[in-house]
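Here's data-v5.cif, which has mmCIF, C-alpha atoms; chains and numbers go by the auth columns:
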data_upload
#
loop_
_atom_site.group_PDB
_atom_site.id
_atom_site.type_symbol
_atom_site.label_atom_id
_atom_site.label_comp_id
_atom_site.label_asym_id
_atom_site.label_seq_id
_atom_site.Cartn_x
_atom_site.Cartn_y
_atom_site.Cartn_z
_atom_site.B_iso_or_equiv
_atom_site.auth_seq_id
_atom_site.auth_asym_id
ATOM 1 C CA MET A 1 30.986 138.246 104.357 0.00 1 A
ATOM 2 C CA VAL A 2 32.226 134.829 105.516 0.00 2 A
ATOM 3 C CA LEU A 3 31.545 133.237 102.137 0.00 3 A
ATOM 4 C CA LYS A 4 33.213 136.149 100.364 0.00 4 A
ATOM 5 C CA THR A 5 36.354 135.659 102.433 0.00 5 A
ATOM 6 C CA PHE A 6 36.429 131.876 102.778 0.00 6 A
ATOM 7 C CA GLY A 7 34.260 130.702 99.868 0.00 7 A
ATOM 8 C CA TRP A 8 37.058 128.991 97.954 0.00 8 A
ATOM 9 C CA SER A 9 38.374 127.355 101.128 0.00 9 A
ATOM 10 C CA PHE A 10 34.931 125.941 101.932 0.00 10 A
ATOM 11 C CA ALA A 11 34.504 124.710 98.347 0.00 11 A
ATOM 12 C CA ILE A 12 37.864 122.928 98.307 0.00 12 A
ATOM 13 C CA THR A 13 37.143 121.386 101.718 0.00 13 A
ATOM 14 C CA VAL A 14 33.793 120.030 100.535 0.00 14 A
ATOM 15 C CA LEU A 15 35.401 118.661 97.364 0.00 15 A
ATOM 16 C CA GLY A 16 38.065 116.932 99.467 0.00 16 A
ATOM 17 C CA LEU A 17 35.438 115.361 101.711 0.00 17 A
ATOM 18 C CA ILE A 18 33.442 114.181 98.685 0.00 18 A
ATOM 19 C CA ALA A 19 36.600 112.731 97.148 0.00 19 A
ATOM 20 C CA ALA A 20 37.271 110.847 100.395 0.00 20 A
ATOM 21 C CA VAL A 21 33.800 109.282 100.252 0.00 21 A
ATOM 22 C CA PHE A 22 34.310 108.196 96.645 0.00 22 A
ATOM 23 C CA TYR A 23 37.804 106.902 97.388 0.00 23 A
ATOM 24 C CA ASP A 24 37.075 104.713 100.411 0.00 24 A
ATOM 25 C CA GLY A 25 33.569 105.323 101.714 0.00 25 A
ATOM 26 C CA TRP A 26 32.291 106.798 104.939 0.00 26 A
ATOM 27 C CA THR A 27 35.264 105.652 106.981 0.00 27 A
ATOM 28 C CA ALA A 28 37.557 107.783 104.840 0.00 28 A
ATOM 29 C CA LEU A 29 35.189 110.742 105.246 0.00 29 A
ATOM 30 C CA GLY A 30 35.456 110.459 109.026 0.00 30 A
ATOM 31 C CA LEU A 31 39.228 110.132 108.886 0.00 31 A
ATOM 32 C CA VAL A 32 39.645 113.117 106.577 0.00 32 A
ATOM 33 C CA ALA A 33 37.303 115.223 108.717 0.00 33 A
ATOM 34 C CA ILE A 34 39.221 114.369 111.897 0.00 34 A
ATOM 35 C CA LEU A 35 42.573 115.102 110.244 0.00 35 A
ATOM 36 C CA ALA A 36 41.255 118.419 108.897 0.00 36 A
ATOM 37 C CA ILE A 37 40.097 119.484 112.365 0.00 37 A
ATOM 38 C CA MET A 38 43.465 118.516 113.854 0.00 38 A
ATOM 39 C CA GLU A 39 45.339 120.436 111.156 0.00 39 A
ATOM 40 C CA ILE A 40 43.260 123.559 111.713 0.00 40 A
ATOM 41 C CA SER A 41 43.682 123.470 115.488 0.00 41 A
ATOM 42 C CA LEU A 42 47.434 122.823 115.332 0.00 42 A
ATOM 43 C CA SER A 43 47.947 125.526 112.704 0.00 43 A
ATOM 44 C CA PHE A 44 46.089 128.023 114.887 0.00 44 A
ATOM 45 C CA ASP A 45 48.221 127.070 117.877 0.00 45 A
ATOM 46 C CA ASN A 46 51.371 127.518 115.782 0.00 46 A
ATOM 47 C CA ALA A 47 50.168 130.927 114.564 0.00 47 A
ATOM 48 C CA VAL A 48 49.723 132.104 118.157 0.00 48 A
ATOM 49 C CA VAL A 49 53.268 131.041 119.055 0.00 49 A
ATOM 50 C CA ASN A 50 54.682 132.669 115.898 0.00 50 A
ATOM 51 C CA ALA A 51 52.870 135.932 116.650 0.00 51 A
ATOM 52 C CA GLY A 52 54.486 136.039 120.076 0.00 52 A
ATOM 53 C CA ILE A 53 57.918 135.484 118.558 0.00 53 A
ATOM 54 C CA LEU A 54 57.380 138.021 115.774 0.00 54 A
ATOM 55 C CA LYS A 55 56.326 140.678 118.264 0.00 55 A
ATOM 56 C CA LYS A 56 59.868 140.705 119.704 0.00 56 A
ATOM 57 C CA MET A 57 61.700 140.997 116.337 0.00 57 A
ATOM 58 C CA ASN A 58 62.565 144.094 114.349 0.00 58 A
ATOM 59 C CA ALA A 59 61.031 144.633 110.885 0.00 59 A
ATOM 60 C CA PHE A 60 63.920 143.041 108.967 0.00 60 A
ATOM 61 C CA TRP A 61 63.825 139.786 110.943 0.00 61 A
ATOM 62 C CA GLN A 62 60.022 139.707 110.846 0.00 62 A
ATOM 63 C CA LYS A 63 60.170 139.756 107.055 0.00 63 A
ATOM 64 C CA ILE A 64 62.812 137.003 106.994 0.00 64 A
ATOM 65 C CA PHE A 65 60.788 134.908 109.474 0.00 65 A
ATOM 66 C CA LEU A 66 57.587 135.240 107.443 0.00 66 A
ATOM 67 C CA THR A 67 59.156 134.537 104.041 0.00 67 A
ATOM 68 C CA ILE A 68 61.662 131.809 104.851 0.00 68 A
ATOM 69 C CA GLY A 69 60.014 130.188 107.809 0.00 69 A
#
Hey, can you dump this file as structure tokens for me?
Amino acid sequence: MVLKTFGWSFAITVLGLIAAVFYDGWTALGLVAILAIMEISLSFDNAVVNAGILKKMNAFWQKIFLTIG
């Protein structure tokens, strides 16, 4: 089930990590991996905050918030 849902995301992540190794070696792999982990954690944190804000809005403003930002 996980691969069915996130298969393309995993594939693109692995390709990005491989590209980092070819671009600048193992140091780049470590840097890209650290940046990816930071991006995921900060995006999750932002999603939690946005969910709290969206909960207080009516349907019209929820749609505007989700489409425009």
- Message: For the provided coordinates, the residues matched by the PyMOL selection byres ((chain A and resi 3-18) around 12) should be stated as a PyMOL selection string.
- Response: chain A and resi 1-2+19-37+40
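Using only C-alpha atoms, the contacts of region 61-66 of chain A at a cut-off of 12 Å, with sequence neighbours closer than 5 positions omitted, comprise Ala47, Asn50, Ala51, Gly52, Ile53, Leu54, Lys55 and Lys56 of chain A.
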Assuming 4 Å of padding per side, give the centre and edge lengths of the axis-aligned box around every listed atom of region 39-44 of chain A, in Å to one decimal and as lines of an AutoDock Vina configuration file.
center_x = 45.6
center_y = 124.2
center_z = 113.3
size_x = 12.7
size_y = 15.6
size_z = 12.3
Rebuild region 8-19 of chain A to all heavy atoms - output it as a compact mmCIF listing (two decimals), in the frame of the given file, please.
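Wrote selection_13.txt, looks like this:
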# COMPACT_ATOMS: atom_id res chain seq x y z
N TRP A 8 36.22 129.98 98.64
CA TRP A 8 37.06 128.99 97.95
C TRP A 8 37.56 127.93 98.93
O TRP A 8 37.64 126.74 98.59
CB TRP A 8 38.24 129.65 97.25
CG TRP A 8 37.84 130.28 95.96
CD1 TRP A 8 37.71 131.61 95.71
CD2 TRP A 8 37.49 129.61 94.75
NE1 TRP A 8 37.30 131.81 94.42
CE2 TRP A 8 37.17 130.59 93.80
CE3 TRP A 8 37.42 128.28 94.38
CZ2 TRP A 8 36.78 130.28 92.50
CZ3 TRP A 8 37.04 127.97 93.09
CH2 TRP A 8 36.73 128.96 92.17
N SER A 9 37.90 128.33 100.13
CA SER A 9 38.37 127.36 101.13
C SER A 9 37.28 126.35 101.47
O SER A 9 37.54 125.15 101.57
CB SER A 9 38.81 128.08 102.40
OG SER A 9 39.90 128.92 102.13
N PHE A 10 36.05 126.84 101.66
CA PHE A 10 34.93 125.94 101.93
C PHE A 10 34.69 125.00 100.76
O PHE A 10 34.45 123.80 100.95
CB PHE A 10 33.66 126.73 102.24
CG PHE A 10 33.67 127.43 103.57
CD1 PHE A 10 33.01 128.63 103.73
CD2 PHE A 10 34.32 126.89 104.67
CE1 PHE A 10 33.00 129.28 104.94
CE2 PHE A 10 34.32 127.54 105.88
CZ PHE A 10 33.66 128.75 106.03
N ALA A 11 34.76 125.53 99.54
CA ALA A 11 34.50 124.71 98.35
C ALA A 11 35.55 123.61 98.21
O ALA A 11 35.20 122.45 97.94
CB ALA A 11 34.49 125.59 97.10
N ILE A 12 36.80 123.92 98.42
CA ILE A 12 37.86 122.93 98.31
C ILE A 12 37.74 121.88 99.42
O ILE A 12 37.97 120.69 99.20
CB ILE A 12 39.25 123.61 98.32
CG1 ILE A 12 39.41 124.39 97.01
CG2 ILE A 12 40.37 122.61 98.50
CD1 ILE A 12 40.61 125.30 96.97
N THR A 13 37.35 122.32 100.61
CA THR A 13 37.14 121.39 101.72
C THR A 13 36.03 120.40 101.40
O THR A 13 36.17 119.18 101.60
CB THR A 13 36.82 122.16 103.01
OG1 THR A 13 37.90 123.03 103.31
CG2 THR A 13 36.59 121.20 104.17
N VAL A 14 34.92 120.90 100.89
CA VAL A 14 33.79 120.03 100.54
C VAL A 14 34.20 119.07 99.43
O VAL A 14 33.87 117.87 99.48
CB VAL A 14 32.56 120.87 100.13
CG1 VAL A 14 31.48 120.01 99.51
CG2 VAL A 14 32.02 121.61 101.34
N LEU A 15 34.94 119.55 98.43
CA LEU A 15 35.40 118.66 97.36
C LEU A 15 36.33 117.57 97.91
O LEU A 15 36.26 116.41 97.48
CB LEU A 15 36.11 119.46 96.27
CG LEU A 15 35.22 120.32 95.39
CD1 LEU A 15 36.07 121.17 94.43
CD2 LEU A 15 34.24 119.46 94.61
N GLY A 16 37.19 117.93 98.85
CA GLY A 16 38.06 116.93 99.47
C GLY A 16 37.29 115.89 100.25
O GLY A 16 37.61 114.69 100.20
N LEU A 17 36.26 116.31 100.96
CA LEU A 17 35.44 115.36 101.71
C LEU A 17 34.66 114.45 100.77
O LEU A 17 34.54 113.24 101.02
CB LEU A 17 34.49 116.11 102.65
CG LEU A 17 35.16 116.84 103.81
CD1 LEU A 17 34.16 117.72 104.53
CD2 LEU A 17 35.83 115.87 104.75
N ILE A 18 34.15 115.00 99.68
CA ILE A 18 33.44 114.18 98.68
C ILE A 18 34.40 113.18 98.04
O ILE A 18 34.06 112.01 97.85
CB ILE A 18 32.77 115.08 97.62
CG1 ILE A 18 31.60 115.85 98.26
CG2 ILE A 18 32.28 114.26 96.44
CD1 ILE A 18 31.03 116.93 97.38
N ALA A 19 35.61 113.63 97.73
CA ALA A 19 36.60 112.73 97.15
C ALA A 19 36.94 111.59 98.11
O ALA A 19 37.14 110.45 97.69
CB ALA A 19 37.86 113.51 96.78
